[in-house]
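To be precise, the following lines are model32.cif, and they hold mmCIF, C-alpha atoms.
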```cif
data_coords
loop_
_atom_site.label_atom_id
_atom_site.label_comp_id
_atom_site.auth_asym_id
_atom_site.auth_seq_id
_atom_site.Cartn_x
_atom_site.Cartn_y
_atom_site.Cartn_z
CA MET Q 21 -8.02 38.48 15.29
CA GLY Q 22 -11.14 37.48 13.38
CA THR Q 23 -11.96 33.99 12.26
CA PRO Q 24 -9.21 31.36 12.23
CA ALA Q 25 -7.53 30.64 8.94
CA VAL Q 26 -9.09 27.84 6.90
CA ARG Q 27 -7.12 25.77 4.39
CA PRO Q 28 -9.89 24.42 2.20
CA ASN Q 29 -7.60 23.05 -0.50
CA ILE Q 30 -5.52 20.79 1.71
CA ARG Q 31 -6.77 17.23 1.74
CA ARG Q 32 -5.90 15.83 5.11
CA GLU Q 33 -7.16 13.00 7.18
CA GLY Q 34 -10.30 13.82 9.07
CA TYR Q 35 -10.76 17.14 7.39
CA THR Q 36 -14.29 18.31 7.06
CA ALA Q 37 -14.96 20.31 3.98
CA PRO Q 38 -16.71 23.63 4.40
CA ALA Q 39 -20.27 23.45 3.24
CA GLU Q 40 -22.42 25.94 1.48
CA PRO Q 41 -25.21 27.39 3.60
CA GLY Q 42 -27.85 24.77 4.03
CA GLU Q 43 -25.57 21.85 3.15
CA THR Q 44 -24.22 19.24 5.49
CA PRO Q 45 -20.42 19.19 5.83
CA VAL Q 46 -18.90 16.07 4.33
CA ARG Q 47 -15.79 14.27 5.46
CA ILE Q 48 -13.80 14.19 2.27
CA SER Q 49 -10.66 12.39 3.25
CA THR Q 50 -10.58 9.60 5.79
CA ALA Q 51 -7.88 6.94 5.60
CA VAL Q 52 -9.36 3.66 4.38
CA THR Q 53 -7.68 0.28 4.02
CA ARG Q 54 -8.05 -1.24 0.58
CA LYS Q 55 -6.25 -3.85 -1.46
CA TYR Q 56 -4.15 -2.57 -4.32
CA LEU Q 57 -2.27 -4.33 -7.10
CA VAL Q 58 1.24 -2.99 -7.56
CA VAL Q 59 1.80 -2.16 -11.23
CA GLY Q 60 4.71 0.28 -11.08
CA PRO Q 61 8.45 -0.30 -11.02
CA HIS Q 62 8.93 0.58 -7.33
CA ALA Q 63 8.01 -1.43 -4.27
CA VAL Q 64 4.92 -0.13 -2.49
CA GLU Q 65 4.97 -0.90 1.23
CA GLY Q 66 7.25 -3.82 0.45
CA ALA Q 67 5.14 -5.28 -2.33
CA VAL Q 68 6.63 -5.45 -5.81
CA LYS Q 69 5.01 -5.39 -9.23
CA GLY Q 70 2.29 -7.99 -9.56
CA GLU Q 71 1.68 -8.36 -5.84
CA VAL Q 72 -1.39 -7.24 -3.92
CA VAL Q 73 -0.87 -5.03 -0.90
CA ASP Q 74 -3.15 -3.59 1.78
CA LEU Q 75 -2.74 0.17 2.01
CA THR Q 76 -4.41 2.51 4.44
CA LEU Q 77 -4.64 5.78 2.58
CA THR Q 78 -6.78 8.83 2.28
CA ASP Q 79 -8.67 9.06 -0.97
CA ALA Q 80 -6.34 11.84 -2.09
CA ALA Q 81 -3.18 9.86 -1.36
CA ALA Q 82 -4.63 6.79 -3.08
CA ALA Q 83 -5.57 8.86 -6.12
CA ALA Q 84 -2.03 10.23 -6.30
CA LEU Q 85 -0.59 6.71 -6.20
CA ILE Q 86 -2.94 5.52 -8.91
CA GLU Q 87 -2.34 8.60 -11.07
CA ALA Q 88 1.40 8.06 -10.77
CA GLY Q 89 1.08 4.52 -12.06
CA HIS Q 90 2.22 2.73 -8.92
CA VAL Q 91 -0.94 0.81 -8.10
CA VAL Q 92 -4.45 0.03 -9.21
CA LEU Q 93 -7.33 -1.12 -7.09
CA ALA Q 94 -7.06 -4.87 -6.84
CA PRO Q 95 -9.74 -6.41 -9.07
CA GLU Q 96 -12.32 -8.77 -7.56
CA VAL Q 97 -11.46 -7.61 -4.07
CA ASN Q 98 -12.61 -4.01 -4.05
CA ARG Q 99 -15.82 -4.40 -5.96
CA PRO Q 100 -17.54 -1.17 -4.97
CA SER Q 101 -21.15 -0.80 -4.13
CA GLY Q 102 -23.11 2.39 -3.92
CA ARG Q 103 -23.00 2.57 -0.14
CA ASP Q 104 -19.33 1.67 0.22
CA LYS Q 105 -18.25 4.58 -1.92
CA ARG Q 106 -18.99 6.96 0.92
CA ALA Q 107 -16.18 7.97 3.22
CA ASP Q 108 -18.06 6.56 6.18
CA PRO Q 109 -20.78 4.12 5.20
CA SER Q 110 -22.28 4.29 8.68
CA GLU Q 111 -23.17 7.92 8.17
CA PRO Q 112 -26.76 8.32 7.02
CA THR Q 113 -27.50 10.26 3.92
CA PRO Q 114 -30.67 12.16 3.16
CA THR Q 115 -31.78 9.29 0.93
CA ASP Q 116 -31.16 6.55 3.50
CA LYS Q 117 -34.28 4.89 4.81
CA LYS Q 118 -34.50 2.88 7.96
CA GLY Q 119 -35.25 -0.79 7.68
CA LYS Q 120 -33.69 -1.20 4.28
CA MET A 6 28.05 1.58 17.82
CA ALA A 7 30.07 1.83 14.68
CA LYS A 8 30.21 4.97 12.64
CA LEU A 9 27.89 4.87 9.68
CA VAL A 10 28.64 5.27 6.01
CA LEU A 11 25.42 5.93 4.15
CA ARG A 12 24.88 3.20 1.60
CA ASP A 13 21.33 1.93 1.75
CA CYS A 14 19.08 4.55 3.30
CA THR A 15 15.49 3.61 2.85
CA ILE A 16 13.27 6.48 1.73
CA VAL A 17 9.57 5.94 1.15
CA VAL A 18 7.26 8.60 -0.27
CA ASN A 19 3.52 7.94 -0.07
CA GLY A 20 4.24 4.24 0.40
CA VAL A 21 6.62 4.01 -2.56
CA ASP A 22 10.27 3.11 -2.08
CA PHE A 23 12.33 5.66 -4.00
CA SER A 24 15.69 4.77 -2.49
CA ASP A 25 17.09 3.95 -5.94
CA HIS A 26 16.28 7.44 -7.27
CA ILE A 27 17.49 9.55 -4.32
CA SER A 28 21.10 10.59 -3.85
CA SER A 29 20.92 12.65 -0.68
CA VAL A 30 18.67 12.93 2.31
CA THR A 31 18.36 15.37 5.18
CA VAL A 32 16.02 15.05 8.14
CA ASN A 33 15.49 18.52 9.56
CA LEU A 34 14.21 18.70 13.13
CA SER A 35 13.49 22.26 14.11
CA LYS A 36 11.51 24.31 16.58
CA ASP A 37 10.75 27.97 16.41
CA GLU A 38 12.71 30.16 18.75
CA VAL A 39 10.46 32.23 20.97
CA ASP A 40 12.23 35.06 22.71
CA THR A 41 11.41 35.38 26.39
CA THR A 42 14.18 37.76 27.29
CA ASN A 43 13.38 39.77 30.39
CA PHE A 44 14.96 41.95 33.03
CA GLY A 45 16.08 38.91 35.00
CA GLY A 46 19.53 38.75 33.45
CA SER A 47 22.01 40.35 31.13
CA GLY A 48 21.49 38.04 28.19
CA ARG A 49 18.76 36.65 26.00
CA GLU A 50 16.40 33.88 27.04
CA ARG A 51 14.47 31.60 24.75
CA VAL A 52 11.94 28.80 24.78
CA ALA A 53 11.13 26.32 22.08
CA GLY A 54 8.08 27.11 19.98
CA LEU A 55 6.25 25.23 17.28
CA LYS A 56 7.91 22.37 15.47
CA ASP A 57 8.88 23.04 11.88
CA ASP A 58 10.39 19.77 10.69
CA SER A 59 11.03 18.72 7.13
CA PHE A 60 12.72 16.19 4.87
CA GLU A 61 15.00 17.34 2.10
CA LEU A 62 15.63 14.80 -0.65
CA ASN A 63 17.59 15.00 -3.87
CA PHE A 64 15.79 12.99 -6.53
CA GLN A 65 17.37 11.78 -9.74
CA GLN A 66 14.65 12.86 -12.12
CA ASP A 67 12.81 10.24 -14.13
CA PHE A 68 9.78 11.00 -16.28
CA ALA A 69 8.72 7.41 -16.91
CA SER A 70 5.41 6.10 -15.64
CA GLY A 71 5.55 5.25 -11.96
CA GLU A 72 8.76 7.16 -11.45
CA VAL A 73 9.76 10.45 -9.86
CA ASP A 74 7.85 13.08 -11.84
CA ALA A 75 4.75 10.93 -12.17
CA THR A 76 4.74 10.61 -8.39
CA LEU A 77 5.66 14.11 -7.27
CA TYR A 78 3.58 16.15 -9.69
CA PRO A 79 0.19 14.82 -8.51
CA LEU A 80 1.24 15.32 -4.89
CA TRP A 81 2.06 18.95 -5.64
CA ASN A 82 -0.81 19.60 -8.04
CA ASN A 83 -3.53 18.02 -5.94
CA GLU A 84 -2.18 19.45 -2.66
CA THR A 85 -2.29 15.97 -1.22
CA GLU A 86 -0.92 15.08 2.18
CA PHE A 87 1.18 11.93 2.26
CA VAL A 88 3.55 10.05 4.54
CA VAL A 89 7.31 10.16 4.13
CA THR A 90 9.58 7.74 6.01
CA VAL A 91 13.35 7.60 6.21
CA LYS A 92 15.67 5.17 7.96
CA PRO A 93 19.46 4.97 7.85
CA THR A 94 19.71 1.45 6.49
CA VAL A 95 17.51 -1.14 4.85
CA ALA A 96 17.54 -3.22 8.04
CA ALA A 97 14.50 -3.51 10.29
CA VAL A 98 13.60 -0.58 12.50
CA SER A 99 15.44 -0.77 15.80
CA ALA A 100 17.16 1.39 18.37
CA THR A 101 20.18 1.49 16.08
CA ASN A 102 18.16 1.98 12.90
CA PRO A 103 15.45 4.50 13.79
CA LEU A 104 12.60 5.34 11.47
CA TYR A 105 11.77 9.00 10.96
CA SER A 106 8.31 9.61 9.58
CA ALA A 107 5.84 12.41 9.07
CA THR A 108 2.77 13.43 7.19
CA CYS A 109 4.05 15.91 4.67
CA ILE A 110 2.98 18.25 1.92
CA LEU A 111 4.76 19.31 -1.23
CA LEU A 112 4.63 23.06 -1.77
CA GLU A 113 7.47 23.59 -4.22
CA TYR A 114 8.55 21.32 -7.03
CA GLN A 115 11.04 21.96 -9.81
CA PRO A 116 10.61 19.12 -12.30
CA LEU A 117 13.46 20.26 -14.50
CA SER A 118 16.65 22.01 -13.52
CA GLY A 119 20.23 21.48 -14.60
CA ASP A 120 23.07 22.22 -16.97
CA VAL A 121 23.95 20.67 -20.27
CA GLY A 122 25.54 17.30 -19.82
CA SER A 123 24.55 16.97 -16.19
CA LEU A 124 22.30 14.46 -14.53
CA SER A 125 18.76 15.78 -14.19
CA GLU A 126 18.11 16.09 -10.48
CA THR A 127 15.51 17.85 -8.41
CA SER A 128 15.86 18.82 -4.80
CA VAL A 129 12.59 18.55 -2.92
CA LYS A 130 11.63 19.71 0.53
CA PHE A 131 8.76 17.97 2.30
CA PRO A 132 7.56 20.09 5.22
CA ALA A 133 6.03 18.01 8.00
CA GLN A 134 2.49 18.81 9.01
CA ARG A 135 1.12 19.30 12.54
CA THR A 136 2.92 16.70 14.69
CA GLY A 137 6.21 17.08 12.86
CA ILE A 138 8.62 14.21 12.33
CA THR A 139 8.37 11.33 14.73
CA ARG A 140 11.12 8.85 15.56
CA ALA A 141 10.37 5.16 16.05
CA THR A 142 12.77 2.49 17.24
CA SER A 143 10.54 -0.56 17.03
#
```
Same coordinates, now as structure tokens:
Amino acid sequence: MGTPAVRPNIRREGYTAPAEPGETPVRISTAVTRKYLVVGPHAVEGAVKGEVVDLTLTDAAAAALIEAGHVVLAPEVNRPSGRDKRADPSEPTPTDKKGK
Amino acid sequence: MAKLVLRDCTIVVNGVDFSDHISSVTVNLSKDEVDTTNFGGSGRERVAGLKDDSFELNFQQDFASGEVDATLYPLWNNETEFVVTVKPTVAAVSATNPLYSATCILLEYQPLSGDVGSLSETSVKFPAQRTGITRATS
């Protein structure tokens, strides 16, 4: 009965975070493919220390790998820009302006 | 097909191969039992309910950077979902070397447990989320 249970603390693919009244819900965790440099002692998807590997991970899973010391974002390849930091760059933001 | 002695199971947690720090593995495939017993017979009747699969792994604890604790603690602390895969041997996935995989979560973690003089090990259960554990042969 009542409203369905919500698990706001679980970061899963495609999950849309609940928004405060008046805010737009934001997709917080979509799997994205990035290049990572393996720096830890264990193979990551077959790549050993010093090798670069493409991983398709949610932001949370990638953060866990980085925090654990397995990988770092590959330098020179994943040079972020302001727009690319969003989960889905195609999604407009309130500050986006057409024609720019 | 020959009987199998486990020697080189491949176990990957969040993309990281931890086969050299795991001493036992169990792939649990389970479905809830839903009782549908009725007046149509003299015994119980059941149907399968929701899947409730999990992996159970026994890690040999290691607190070094990039090792067991450094990997498991963030997964537990940040409530992160991650993929776990298991296959019987290091060989390529095939009909005789199936790959079991699932998106999992870590809800309980005991970083330290053991007796004096014993190897520090931690048994971890990874419950599978939503679709449960899938089996691939190619």
Hits of the PyMOL selection byres ((chain A) within 8 of (chain Q)) in this structure, as a ChimeraX atom specification: /A:19-23,70-72,75-76,79-80,83-87
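In this structure, atom CA of A:Leu112 sits 15.8 Å away from atom CA of A:Phe64.
Closest approach to A:Thr90 among A:Val18, A:Ala69, A:Leu111, A:Val30: A:Val18, based on all atoms listed in the file.
Relative to atom CA of A:Thr31, atom CA of A:Phe60 is found at 5.7 Å.
Counting only C-alpha atoms and comparing A:Ala133, A:Leu124, A:Leu11, A:Ala141, the residue that lies closest to A:Ser99 is A:Ala141.
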Determine the residue membership of the PyMOL selection byres ((chain A and resi 118) around 12) for the file above and supply it as a PDB file with C-alpha atoms, in the coordinates of the input.
```pdb
ATOM      1  CA  ASN A  63      17.590  15.000  -3.870  1.00  0.00           C
ATOM      2  CA  PHE A  64      15.790  12.990  -6.530  1.00  0.00           C
ATOM      3  CA  GLN A  65      17.370  11.780  -9.740  1.00  0.00           C
ATOM      4  CA  GLN A  66      14.650  12.860 -12.120  1.00  0.00           C
ATOM      5  CA  TYR A 114       8.550  21.320  -7.030  1.00  0.00           C
ATOM      6  CA  GLN A 115      11.040  21.960  -9.810  1.00  0.00           C
ATOM      7  CA  PRO A 116      10.610  19.120 -12.300  1.00  0.00           C
ATOM      8  CA  LEU A 117      13.460  20.260 -14.500  1.00  0.00           C
ATOM      9  CA  GLY A 119      20.230  21.480 -14.600  1.00  0.00           C
ATOM     10  CA  ASP A 120      23.070  22.220 -16.970  1.00  0.00           C
ATOM     11  CA  VAL A 121      23.950  20.670 -20.270  1.00  0.00           C
ATOM     12  CA  GLY A 122      25.540  17.300 -19.820  1.00  0.00           C
ATOM     13  CA  SER A 123      24.550  16.970 -16.190  1.00  0.00           C
ATOM     14  CA  LEU A 124      22.300  14.460 -14.530  1.00  0.00           C
ATOM     15  CA  SER A 125      18.760  15.780 -14.190  1.00  0.00           C
ATOM     16  CA  GLU A 126      18.110  16.090 -10.480  1.00  0.00           C
ATOM     17  CA  THR A 127      15.510  17.850  -8.410  1.00  0.00           C
ATOM     18  CA  SER A 128      15.860  18.820  -4.800  1.00  0.00           C
ATOM     19  CA  VAL A 129      12.590  18.550  -2.920  1.00  0.00           C
TER      20      VAL A 129
END
```
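Taking atom CA of A:Lys92 and atom CA of A:Ser106 as the two end points, the separation is 8.7 Å.
Residues selected in this file by the PyMOL selection byres ((chain A and resi 32) around 9) comprise Val30, Thr31, Asn33, Leu34, Asp58, Ser59, Phe60, Glu61, Leu62, Val91, Tyr105 and Ile138 of chain A.
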Shortest interatomic distance to A:Lys36 - which of A:Val17, A:Lys56, A:Val95, A:Arg49, counting all atoms listed in the file: A:Lys56
Only all heavy atoms needed: put stretch 80-91 of chain Q from the block into a file as a PDB file, in the first residue's frame.
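Result written to result_20.pdb:
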```pdb
ATOM      1  N   ALA Q  80      29.845   5.834 -10.357  1.00  0.00           N
ATOM      2  CA  ALA Q  80      30.094   5.276  -9.022  1.00  0.00           C
ATOM      3  C   ALA Q  80      31.079   4.116  -9.089  1.00  0.00           C
ATOM      4  O   ALA Q  80      31.986   4.004  -8.257  1.00  0.00           O
ATOM      5  CB  ALA Q  80      28.781   4.824  -8.404  1.00  0.00           C
ATOM      6  N   ALA Q  81      30.892   3.239 -10.069  1.00  0.00           N
ATOM      7  CA  ALA Q  81      31.799   2.096 -10.195  1.00  0.00           C
ATOM      8  C   ALA Q  81      33.201   2.562 -10.572  1.00  0.00           C
ATOM      9  O   ALA Q  81      34.201   2.026 -10.087  1.00  0.00           O
ATOM     10  CB  ALA Q  81      31.260   1.110 -11.235  1.00  0.00           C
ATOM     11  N   ALA Q  82      33.287   3.576 -11.431  1.00  0.00           N
ATOM     12  CA  ALA Q  82      34.595   4.114 -11.804  1.00  0.00           C
ATOM     13  C   ALA Q  82      35.276   4.751 -10.601  1.00  0.00           C
ATOM     14  O   ALA Q  82      36.480   4.567 -10.381  1.00  0.00           O
ATOM     15  CB  ALA Q  82      34.432   5.132 -12.929  1.00  0.00           C
ATOM     16  N   ALA Q  83      34.499   5.476  -9.806  1.00  0.00           N
ATOM     17  CA  ALA Q  83      35.070   6.114  -8.615  1.00  0.00           C
ATOM     18  C   ALA Q  83      35.594   5.071  -7.642  1.00  0.00           C
ATOM     19  O   ALA Q  83      36.642   5.260  -7.016  1.00  0.00           O
ATOM     20  CB  ALA Q  83      34.013   6.986  -7.948  1.00  0.00           C
ATOM     21  N   ALA Q  84      34.879   3.965  -7.518  1.00  0.00           N
ATOM     22  CA  ALA Q  84      35.329   2.901  -6.616  1.00  0.00           C
ATOM     23  C   ALA Q  84      36.638   2.292  -7.106  1.00  0.00           C
ATOM     24  O   ALA Q  84      37.538   1.993  -6.313  1.00  0.00           O
ATOM     25  CB  ALA Q  84      34.251   1.830  -6.508  1.00  0.00           C
ATOM     26  N   LEU Q  85      36.757   2.112  -8.419  1.00  0.00           N
ATOM     27  CA  LEU Q  85      37.997   1.557  -8.976  1.00  0.00           C
ATOM     28  C   LEU Q  85      39.169   2.505  -8.760  1.00  0.00           C
ATOM     29  O   LEU Q  85      40.285   2.071  -8.442  1.00  0.00           O
ATOM     30  CB  LEU Q  85      37.828   1.314 -10.482  1.00  0.00           C
ATOM     31  CG  LEU Q  85      37.326  -0.039 -10.946  1.00  0.00           C
ATOM     32  CD1 LEU Q  85      37.342  -0.100 -12.466  1.00  0.00           C
ATOM     33  CD2 LEU Q  85      38.149  -1.165 -10.363  1.00  0.00           C
ATOM     34  N   ILE Q  86      38.911   3.783  -8.950  1.00  0.00           N
ATOM     35  CA  ILE Q  86      39.975   4.774  -8.784  1.00  0.00           C
ATOM     36  C   ILE Q  86      40.363   4.880  -7.316  1.00  0.00           C
ATOM     37  O   ILE Q  86      41.548   4.902  -6.972  1.00  0.00           O
ATOM     38  CB  ILE Q  86      39.525   6.130  -9.355  1.00  0.00           C
ATOM     39  CG1 ILE Q  86      39.372   6.041 -10.876  1.00  0.00           C
ATOM     40  CG2 ILE Q  86      40.502   7.240  -8.979  1.00  0.00           C
ATOM     41  CD1 ILE Q  86      38.701   7.233 -11.519  1.00  0.00           C
ATOM     42  N   GLU Q  87      39.356   4.910  -6.436  1.00  0.00           N
ATOM     43  CA  GLU Q  87      39.625   5.009  -5.002  1.00  0.00           C
ATOM     44  C   GLU Q  87      40.418   3.802  -4.508  1.00  0.00           C
ATOM     45  O   GLU Q  87      41.267   3.920  -3.622  1.00  0.00           O
ATOM     46  CB  GLU Q  87      38.300   5.122  -4.239  1.00  0.00           C
ATOM     47  CG  GLU Q  87      38.470   5.281  -2.735  1.00  0.00           C
ATOM     48  CD  GLU Q  87      37.148   5.442  -2.007  1.00  0.00           C
ATOM     49  OE1 GLU Q  87      36.122   5.682  -2.663  1.00  0.00           O
ATOM     50  OE2 GLU Q  87      37.148   5.305  -0.765  1.00  0.00           O
ATOM     51  N   ALA Q  88      40.158   2.652  -5.100  1.00  0.00           N
ATOM     52  CA  ALA Q  88      40.853   1.432  -4.683  1.00  0.00           C
ATOM     53  C   ALA Q  88      42.288   1.387  -5.183  1.00  0.00           C
ATOM     54  O   ALA Q  88      43.077   0.560  -4.733  1.00  0.00           O
ATOM     55  CB  ALA Q  88      40.091   0.211  -5.188  1.00  0.00           C
ATOM     56  N   GLY Q  89      42.625   2.236  -6.134  1.00  0.00           N
ATOM     57  CA  GLY Q  89      43.988   2.256  -6.636  1.00  0.00           C
ATOM     58  C   GLY Q  89      44.228   1.303  -7.796  1.00  0.00           C
ATOM     59  O   GLY Q  89      45.373   0.932  -8.066  1.00  0.00           O
ATOM     60  N   HIS Q  90      43.152   0.933  -8.485  1.00  0.00           N
ATOM     61  CA  HIS Q  90      43.316   0.031  -9.631  1.00  0.00           C
ATOM     62  C   HIS Q  90      43.624   0.791 -10.916  1.00  0.00           C
ATOM     63  O   HIS Q  90      44.414   0.331 -11.741  1.00  0.00           O
ATOM     64  CB  HIS Q  90      42.046  -0.802  -9.835  1.00  0.00           C
ATOM     65  CG  HIS Q  90      41.784  -1.762  -8.734  1.00  0.00           C
ATOM     66  ND1 HIS Q  90      42.604  -2.819  -8.480  1.00  0.00           N
ATOM     67  CD2 HIS Q  90      40.800  -1.823  -7.812  1.00  0.00           C
ATOM     68  CE1 HIS Q  90      42.143  -3.511  -7.449  1.00  0.00           C
ATOM     69  NE2 HIS Q  90      41.055  -2.912  -7.021  1.00  0.00           N
ATOM     70  N   VAL Q  91      42.947   1.917 -11.095  1.00  0.00           N
ATOM     71  CA  VAL Q  91      43.093   2.657 -12.348  1.00  0.00           C
ATOM     72  C   VAL Q  91      43.098   4.145 -12.070  1.00  0.00           C
ATOM     73  O   VAL Q  91      42.677   4.593 -11.006  1.00  0.00           O
ATOM     74  CB  VAL Q  91      41.937   2.341 -13.339  1.00  0.00           C
ATOM     75  CG1 VAL Q  91      41.923   0.880 -13.734  1.00  0.00           C
ATOM     76  CG2 VAL Q  91      40.600   2.768 -12.753  1.00  0.00           C
TER      77      VAL Q  91
END
```
